[in-house]
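Data first, discussion second: the structure below is written as structure tokens.
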Amino acid sequence: MLDREWVTLRDPDDDHRRYTFDVSFLLSSYQCIYGAGCPSVFPDTQDGVMGCCQHGAYLNDDDDPEELQRLVDEELSSDTMQHHALATAHGVLVDDEEDETLTRVVDGACIFLNGAGFPAGEGCALHHLAERRGEHHMTHKPTVCWQVPLHRTIDEQVANDGEALEIHTIAAFERGHWGEGGADFGWWCLDDDTAFVGREPVYRSMEAELRTMVGDEIYEELAAYLDRRRRQRHRVEFLPLAPG
């Protein structure tokens with residue numbers, strides 16, 4: 001098995017921040033195949049409309065809970081969101097046993113998911129809202145939803161000057177990143193080659209997401225490096241992650 005390749009870039013605006021990227025995945029041909037063959041993470045019990053939306057979306061510090069509810073109250077309707085009445089009456093968010101906030105689960109999936117045959121479009125109502133406005137689909141979605149299949153971890157180390165060094169690692173979203181639930185998935189799109197059919201490498205197809213995650217300056221440096229890597233004859237290829 002070939003080793004994965006990584007590259008680390010220094011933040012030009014903060015000497016105590018580094019970004020480490022999974023080069024092998026960013027150069028791969030992965031693309032989301034939702035609506036184009038995705039069987040969902042539980043293919044034996046659910047159709048592909050469910051995708052990976054079964055557990056709801058956990059919010060992080062970059063997400064605005066009030067904005068999600070505002071979208072329901074002011075921007076969406078029963079014509080564009082299947083569970084709009086429930087979202088209006090009871091809210092779109094709940095807290096789990098560990099007091100983490102996530103979107104409410106209805107009929108086995110995120111409350112924003114429009115089911116099979118819904119007239120305004122199957123899939124995420126927030127995604128469809130952005131598309132109707134001509135905006136990028138990440139405009140209104142919780143962070144975890146628009147970042148997948150990318151995953152960010154932030155660690156701290158001690159730099160040579162004794163100050164804290166912040167390391168941001170941007171890599172493929174593995175089963176383990178979902179917590180205990182990931183091990184139960186019957187199918188996950190990074191486990192085999194089913195979804196590695198894109199015409200562009202990930203760093204180009206997800207340019208908007210990467211720019212949002214790391215900033216324009218870091219992205220431009222990363223893209224220039226990966227452009228050079230693509231021109232080289234020897235390439236370390238991304239191998240689909242083994243289930244586990």
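How things are named: the first chain in the structure tokens is A, the next is B, and so on; residues count from 1 in each chain; ligands count from 1 in the order shown.
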Where does range 18-103 of chain A meet range 186-199 of chain A within 8 Å, residue by residue, with the nearest atom pair and distance in Å to one decimal for each, counting only C-alpha atoms, listed by chain and rising number, as a Markdown table?
```
| residue | atom | partner | partner_atom | distance |
| --- | --- | --- | --- | --- |
| A:Ser28 | CA | A:Phe196 | CA | 7.3 |
| A:Ser29 | CA | A:Gly198 | CA | 4.6 |
| A:Tyr30 | CA | A:Phe196 | CA | 4.0 |
| A:Gln31 | CA | A:Gly198 | CA | 5.2 |
| A:Cys32 | CA | A:Ala195 | CA | 6.5 |
| A:Ile33 | CA | A:Ala195 | CA | 6.1 |
| A:Cys38 | CA | A:Cys189 | CA | 8.0 |
| A:Pro39 | CA | A:Trp187 | CA | 7.6 |
| A:Ser40 | CA | A:Trp187 | CA | 6.9 |
| A:Val41 | CA | A:Trp187 | CA | 4.7 |
| A:Phe42 | CA | A:Gly186 | CA | 4.9 |
| A:Pro43 | CA | A:Gly186 | CA | 6.4 |
| A:Asp44 | CA | A:Gly186 | CA | 7.6 |
```
| message | Taking 5 positions as the minimum chain separation for residues in the same chain, which residues sit within 10 Å of Gly121 in chain A when counting only C-alpha atoms? Answer as an MDAnalysis selection string. | response | chainID A and resid 79:82 113:116 127:128
Take the residues from that selection and write them out as an mmCIF file, in the first residue's frame, keeping C-alpha atoms.
```
data_model
loop_
_atom_site.group_PDB
_atom_site.id
_atom_site.type_symbol
_atom_site.label_atom_id
_atom_site.label_comp_id
_atom_site.auth_asym_id
_atom_site.auth_seq_id
_atom_site.Cartn_x
_atom_site.Cartn_y
_atom_site.Cartn_z
ATOM 1 C CA ASP A 79 -43.406 24.241 -0.396
ATOM 2 C CA THR A 80 -39.613 24.116 -0.116
ATOM 3 C CA MET A 81 -39.052 22.226 3.173
ATOM 4 C CA GLN A 82 -40.910 18.995 3.799
ATOM 5 C CA LEU A 113 -33.836 16.661 4.480
ATOM 6 C CA ASN A 114 -36.583 16.516 1.870
ATOM 7 C CA GLY A 115 -37.527 12.912 1.214
ATOM 8 C CA ALA A 116 -37.995 10.950 -1.970
ATOM 9 C CA HIS A 127 -28.814 23.307 -0.216
ATOM 10 C CA HIS A 128 -31.773 23.908 -2.532
#
```
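Counting only C-alpha atoms, Tyr203 in chain A has the following residues at most 8 Å away, ignoring those fewer than 6 positions along the same chain: Leu26, Leu27, Leu210 and Ala223 of chain A.
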Selection from above, N, CA and C atoms, as a short mmCIF file (atom, residue, chain, number, x, y, z; two decimals), in the first residue's frame, can you write it?
```cif
data_model
loop_
_atom_site.label_atom_id
_atom_site.label_comp_id
_atom_site.auth_asym_id
_atom_site.auth_seq_id
_atom_site.Cartn_x
_atom_site.Cartn_y
_atom_site.Cartn_z
N LEU A 26 -6.47 15.33 -1.66
CA LEU A 26 -6.76 16.54 -2.42
C LEU A 26 -6.45 16.38 -3.90
N LEU A 27 -5.54 15.47 -4.24
CA LEU A 27 -5.23 15.21 -5.64
C LEU A 27 -6.11 14.11 -6.24
N LEU A 210 -12.37 25.06 0.62
CA LEU A 210 -11.01 25.18 1.14
C LEU A 210 -10.64 26.64 1.40
N ALA A 223 -2.76 25.48 -3.80
CA ALA A 223 -3.13 25.14 -5.18
C ALA A 223 -1.92 25.18 -6.11
#
```
| task | Show which residues sit within 10 Å of range 100-110 of chain A, as a list in words. Count only C-alpha atoms, and ignore same-chain residues fewer than 5 positions away. | result |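 Contacts, in chain order: Gln46, Val49, Met50, Gly51, Cys52, Cys53, Gln54, His55, Gly56, Ala57, Tyr58, Leu59, Asn60, Pro65, Leu68, His83, Leu86, Ala87, His90, Gly91, Val92, Leu93, Val94, Asp95, Gly115, Gly123, Cys124 and Pro142 of chain A.
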Arg152 in chain A: which residues within 8 Å, counting only C-alpha atoms, same-chain residues fewer than 4 positions away excluded, as a compact mmCIF listing (two decimals) with N, CA and C atoms, in the first residue's frame?
```txt
# COMPACT_ATOMS: atom_id res chain seq x y z
N HIS A 168 -3.49 23.04 12.13
CA HIS A 168 -4.76 22.70 11.50
C HIS A 168 -4.49 21.60 10.48
N THR A 169 -5.12 20.45 10.64
CA THR A 169 -4.95 19.36 9.69
C THR A 169 -6.21 19.20 8.87
N ILE A 170 -6.09 19.32 7.55
CA ILE A 170 -7.21 19.20 6.62
C ILE A 170 -7.02 17.88 5.86
N ALA A 171 -7.93 16.95 6.07
CA ALA A 171 -7.75 15.61 5.51
C ALA A 171 -9.10 15.03 5.11
```
| task | Would you mind listing what lies within 6 Å of range 144-150 of chain A as a list in words, with only C-alpha atoms counted and same-chain residues fewer than 6 positions away left out? | result | Met138, Ala171, Ala172 and Phe173 of chain A
Would you save the residues of that selection, restricted to C-alpha atoms, as a short mmCIF file (atom, residue, chain, number, x, y, z; two decimals), in the first residue's frame?
```cif
data_model
loop_
_atom_site.label_atom_id
_atom_site.label_comp_id
_atom_site.auth_asym_id
_atom_site.auth_seq_id
_atom_site.Cartn_x
_atom_site.Cartn_y
_atom_site.Cartn_z
CA MET A 138 -22.42 25.97 1.65
CA ALA A 171 -7.75 15.61 5.51
CA ALA A 172 -10.29 13.07 4.28
CA PHE A 173 -13.32 12.52 6.52
#
```
| query | Could you pull the residues within 12 Å of range 214-217 of chain A, counting only C-alpha atoms, minus those fewer than 3 positions along the same chain, as a ChimeraX atom specification? | reply | /A:9-13,17-21,152,167-170,207-211,220-224
How would the residues just picked look written out with C-alpha atoms as a compact mmCIF listing (two decimals), in the first residue's frame?
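File again-v9.txt, as written:
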```
# COMPACT_ATOMS: atom_id res chain seq x y z
CA LEU A 9 2.19 25.49 5.05
CA ARG A 10 2.84 28.38 7.43
CA ASP A 11 0.14 30.99 7.92
CA PRO A 12 1.64 34.23 6.56
CA ASP A 13 -0.36 36.26 9.08
CA ARG A 17 -0.23 28.63 12.98
CA ARG A 18 0.39 25.85 10.48
CA TYR A 19 -1.87 24.05 8.00
CA THR A 20 -1.17 20.41 7.16
CA PHE A 21 -2.99 19.01 4.11
CA ARG A 152 -10.37 19.65 10.07
CA ILE A 167 -1.72 22.93 13.81
CA HIS A 168 -4.76 22.70 11.50
CA THR A 169 -4.95 19.36 9.69
CA ILE A 170 -7.21 19.20 6.62
CA GLU A 207 -11.98 25.32 -3.94
CA ALA A 208 -14.70 27.43 -2.31
CA GLU A 209 -14.80 25.22 0.77
CA LEU A 210 -11.01 25.18 1.14
CA ARG A 211 -10.79 28.95 0.75
CA GLU A 220 -3.39 29.94 -3.44
CA GLU A 221 -0.09 28.58 -2.10
CA LEU A 222 -1.61 25.12 -1.68
CA ALA A 223 -3.13 25.14 -5.18
CA ALA A 224 0.17 26.23 -6.75
```
| task | Give the alpha helix (DSSP H) residues of range 25-87 of chain A, as DSSP finds them on the backbone, and put them as a list in words. | result |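 Selection result, alpha helix (DSSP H) within range 25-87 of chain A: Phe25, Leu26, Pro65, Glu66, Glu67, Leu68, Gln69, Arg70, His84, Ala85, Leu86 and Ala87 of chain A.
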All strand (DSSP E) residues (DSSP, backbone) inside range 63-193 of chain A, as a PDB file with N, CA and C atoms, in the first residue's frame:
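The resulting selection_29.pdb:
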```
ATOM      1  N   LEU A  93     -33.486  22.645  16.192  1.00  0.00           N
ATOM      2  CA  LEU A  93     -32.320  22.194  16.935  1.00  0.00           C
ATOM      3  C   LEU A  93     -32.710  21.495  18.237  1.00  0.00           C
ATOM      4  N   VAL A  94     -31.864  20.562  18.652  1.00  0.00           N
ATOM      5  CA  VAL A  94     -32.015  19.879  19.941  1.00  0.00           C
ATOM      6  C   VAL A  94     -30.623  19.740  20.554  1.00  0.00           C
ATOM      7  N   ASP A  95     -30.572  19.414  21.844  1.00  0.00           N
ATOM      8  CA  ASP A  95     -29.313  19.122  22.525  1.00  0.00           C
ATOM      9  C   ASP A  95     -29.268  17.646  22.873  1.00  0.00           C
ATOM     10  N   THR A 101     -25.273  20.657  20.528  1.00  0.00           N
ATOM     11  CA  THR A 101     -26.428  21.054  19.730  1.00  0.00           C
ATOM     12  C   THR A 101     -26.340  20.475  18.320  1.00  0.00           C
ATOM     13  N   LEU A 102     -27.459  19.935  17.869  1.00  0.00           N
ATOM     14  CA  LEU A 102     -27.533  19.367  16.521  1.00  0.00           C
ATOM     15  C   LEU A 102     -28.917  19.601  15.943  1.00  0.00           C
ATOM     16  N   THR A 103     -29.037  19.409  14.641  1.00  0.00           N
ATOM     17  CA  THR A 103     -30.348  19.555  14.023  1.00  0.00           C
ATOM     18  C   THR A 103     -31.237  18.377  14.412  1.00  0.00           C
ATOM     19  N   VAL A 105     -33.756  15.312  14.382  1.00  0.00           N
ATOM     20  CA  VAL A 105     -33.937  14.171  13.488  1.00  0.00           C
ATOM     21  C   VAL A 105     -35.418  13.840  13.385  1.00  0.00           C
ATOM     22  N   VAL A 106     -35.915  13.761  12.150  1.00  0.00           N
ATOM     23  CA  VAL A 106     -37.326  13.463  11.888  1.00  0.00           C
ATOM     24  C   VAL A 106     -37.389  12.320  10.867  1.00  0.00           C
ATOM     25  N   ALA A 109     -33.892  11.068   9.788  1.00  0.00           N
ATOM     26  CA  ALA A 109     -32.901  11.919   9.109  1.00  0.00           C
ATOM     27  C   ALA A 109     -33.031  13.357   9.594  1.00  0.00           C
ATOM     28  N   CYS A 110     -32.062  14.180   9.226  1.00  0.00           N
ATOM     29  CA  CYS A 110     -32.063  15.602   9.575  1.00  0.00           C
ATOM     30  C   CYS A 110     -33.377  16.250   9.157  1.00  0.00           C
ATOM     31  N   LEU A 113     -33.880  17.555   5.636  1.00  0.00           N
ATOM     32  CA  LEU A 113     -33.836  16.661   4.480  1.00  0.00           C
ATOM     33  C   LEU A 113     -35.229  16.486   3.876  1.00  0.00           C
ATOM     34  N   ASN A 114     -35.355  16.798   2.612  1.00  0.00           N
ATOM     35  CA  ASN A 114     -36.583  16.516   1.870  1.00  0.00           C
ATOM     36  C   ASN A 114     -36.508  15.100   1.327  1.00  0.00           C
ATOM     37  N   GLY A 123     -33.446  15.948  -0.940  1.00  0.00           N
ATOM     38  CA  GLY A 123     -32.180  16.361  -0.344  1.00  0.00           C
ATOM     39  C   GLY A 123     -32.342  17.576   0.546  1.00  0.00           C
ATOM     40  N   CYS A 124     -31.233  18.200   0.869  1.00  0.00           N
ATOM     41  CA  CYS A 124     -31.201  19.273   1.858  1.00  0.00           C
ATOM     42  C   CYS A 124     -31.953  20.518   1.394  1.00  0.00           C
ATOM     43  N   LEU A 150     -14.189  16.721   3.550  1.00  0.00           N
ATOM     44  CA  LEU A 150     -13.013  17.248   4.219  1.00  0.00           C
ATOM     45  C   LEU A 150     -13.255  17.283   5.723  1.00  0.00           C
ATOM     46  N   HIS A 151     -12.191  17.134   6.472  1.00  0.00           N
ATOM     47  CA  HIS A 151     -12.298  17.167   7.931  1.00  0.00           C
ATOM     48  C   HIS A 151     -11.123  17.962   8.484  1.00  0.00           C
ATOM     49  N   ARG A 152     -11.416  18.844   9.447  1.00  0.00           N
ATOM     50  CA  ARG A 152     -10.369  19.654  10.074  1.00  0.00           C
ATOM     51  C   ARG A 152     -10.192  19.244  11.542  1.00  0.00           C
ATOM     52  N   THR A 153      -8.961  19.022  11.940  1.00  0.00           N
ATOM     53  CA  THR A 153      -8.641  18.872  13.359  1.00  0.00           C
ATOM     54  C   THR A 153      -7.651  19.969  13.722  1.00  0.00           C
ATOM     55  N   ILE A 154      -7.733  20.457  14.953  1.00  0.00           N
ATOM     56  CA  ILE A 154      -6.840  21.511  15.429  1.00  0.00           C
ATOM     57  C   ILE A 154      -6.125  21.011  16.675  1.00  0.00           C
ATOM     58  N   ASP A 155      -4.809  20.973  16.613  1.00  0.00           N
ATOM     59  CA  ASP A 155      -3.982  20.536  17.742  1.00  0.00           C
ATOM     60  C   ASP A 155      -3.004  21.639  18.097  1.00  0.00           C
ATOM     61  N   GLU A 156      -2.509  21.587  19.322  1.00  0.00           N
ATOM     62  CA  GLU A 156      -1.510  22.550  19.759  1.00  0.00           C
ATOM     63  C   GLU A 156      -0.222  21.841  20.136  1.00  0.00           C
ATOM     64  N   GLN A 157       0.893  22.427  19.739  1.00  0.00           N
ATOM     65  CA  GLN A 157       2.215  21.976  20.134  1.00  0.00           C
ATOM     66  C   GLN A 157       2.973  23.170  20.694  1.00  0.00           C
ATOM     67  N   VAL A 158       4.125  22.907  21.277  1.00  0.00           N
ATOM     68  CA  VAL A 158       4.964  23.988  21.793  1.00  0.00           C
ATOM     69  C   VAL A 158       6.037  24.296  20.757  1.00  0.00           C
ATOM     70  N   ALA A 164       2.612  28.607  22.059  1.00  0.00           N
ATOM     71  CA  ALA A 164       1.757  27.551  21.515  1.00  0.00           C
ATOM     72  C   ALA A 164       1.745  27.622  19.991  1.00  0.00           C
ATOM     73  N   LEU A 165       1.901  26.478  19.347  1.00  0.00           N
ATOM     74  CA  LEU A 165       1.850  26.372  17.885  1.00  0.00           C
ATOM     75  C   LEU A 165       0.565  25.644  17.516  1.00  0.00           C
ATOM     76  N   GLU A 166      -0.286  26.292  16.735  1.00  0.00           N
ATOM     77  CA  GLU A 166      -1.585  25.743  16.365  1.00  0.00           C
ATOM     78  C   GLU A 166      -1.478  25.034  15.024  1.00  0.00           C
ATOM     79  N   ILE A 167      -1.816  23.740  15.013  1.00  0.00           N
ATOM     80  CA  ILE A 167      -1.721  22.931  13.806  1.00  0.00           C
ATOM     81  C   ILE A 167      -3.123  22.576  13.317  1.00  0.00           C
ATOM     82  N   HIS A 168      -3.493  23.040  12.126  1.00  0.00           N
ATOM     83  CA  HIS A 168      -4.761  22.695  11.504  1.00  0.00           C
ATOM     84  C   HIS A 168      -4.491  21.598  10.476  1.00  0.00           C
ATOM     85  N   THR A 169      -5.123  20.450  10.641  1.00  0.00           N
ATOM     86  CA  THR A 169      -4.951  19.358   9.691  1.00  0.00           C
ATOM     87  C   THR A 169      -6.212  19.198   8.873  1.00  0.00           C
ATOM     88  N   ILE A 170      -6.086  19.323   7.549  1.00  0.00           N
ATOM     89  CA  ILE A 170      -7.210  19.197   6.622  1.00  0.00           C
ATOM     90  C   ILE A 170      -7.019  17.883   5.864  1.00  0.00           C
ATOM     91  N   ALA A 171      -7.929  16.952   6.070  1.00  0.00           N
ATOM     92  CA  ALA A 171      -7.753  15.610   5.511  1.00  0.00           C
ATOM     93  C   ALA A 171      -9.097  15.031   5.110  1.00  0.00           C
ATOM     94  N   ALA A 172      -9.072  13.777   4.644  1.00  0.00           N
ATOM     95  CA  ALA A 172     -10.290  13.073   4.281  1.00  0.00           C
ATOM     96  C   ALA A 172     -11.104  12.741   5.530  1.00  0.00           C
TER      97      ALA A 172
END
```
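With CA of Ala125 in chain A on one side and CA of Ile111 in chain A on the other, the separation reads 9.1 Å.
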| Between A:Asp47, A:Asp62, A:Glu122, A:Asp3, which has the minimum distance to His140 in chain A (counting only C-alpha atoms)? | A:Asp62
